[in-house]
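Inspection log for the structure reproduced underneath, given as structure tokens.
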Amino acid sequence: MLQATAEWRTEHGGKYLVQLCKHFAHKIDVSYSETHGECRFACGTAILDADDGGLRILATAADKEQLTETESVIERHLVRFAFRENLEALQWQRPDRAA
């Protein structure tokens, strides 16, 4: 299973976590609280954690293509929902499997 992480510093991490999860729950299996959410897409899973300092996202998928798609789905929606904060993109980090 491949993984990627992203962290976004915002005072409104919990708000965006809930907004994302409610939105995705119309089409996919989602579980969430105000500080933790899990979104199970066909391409992979996104685990979201929020606190007063921001929003952290862990994306997992079976292969690189699906991981890229999972990252893209989360990022596109978050950028759209956070337009007031001028979020343009997330900085995804993928651990080096050779290390």
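Just so we're on the same page: first chain in the structure tokens is A, next is B, and so on; residues restart at 1 for each chain, and ligands are numbered from 1 in the order they show up.
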Neighbouring residues of range 46-51 of chain A were defined as those with any atom within 10 Å, considering only C-alpha atoms; residues of the same chain fewer than 3 positions away were excluded. Please report them as a PyMOL selection string. chain A and resi 3-18+20-21+30-41+43+54-61+67+70-71+73-74
Range 77-79 of chain A environment, 10 Å, only C-alpha atoms, sequence neighbours closer than 3 positions dropped, as number ranges by chain: A: 16-17, 19-20, 23-24, 72-74, 82-90
Identify all residues of chain A in strand (DSSP E or B) (DSSP on the backbone) and supply them as a PyMOL selection string. chain A and resi 2-9+29-32+36-40+45-51+54-61+93
Straight-line distance linking CA of Gly44 in chain A with CA of Arg80 in chain A, stated in Å to one decimal: 20.6 Å
Can you tell me, as a PyMOL selection string, which residues in chain A count as alpha helix (DSSP H) by DSSP? chain A and resi 13-24+64-81
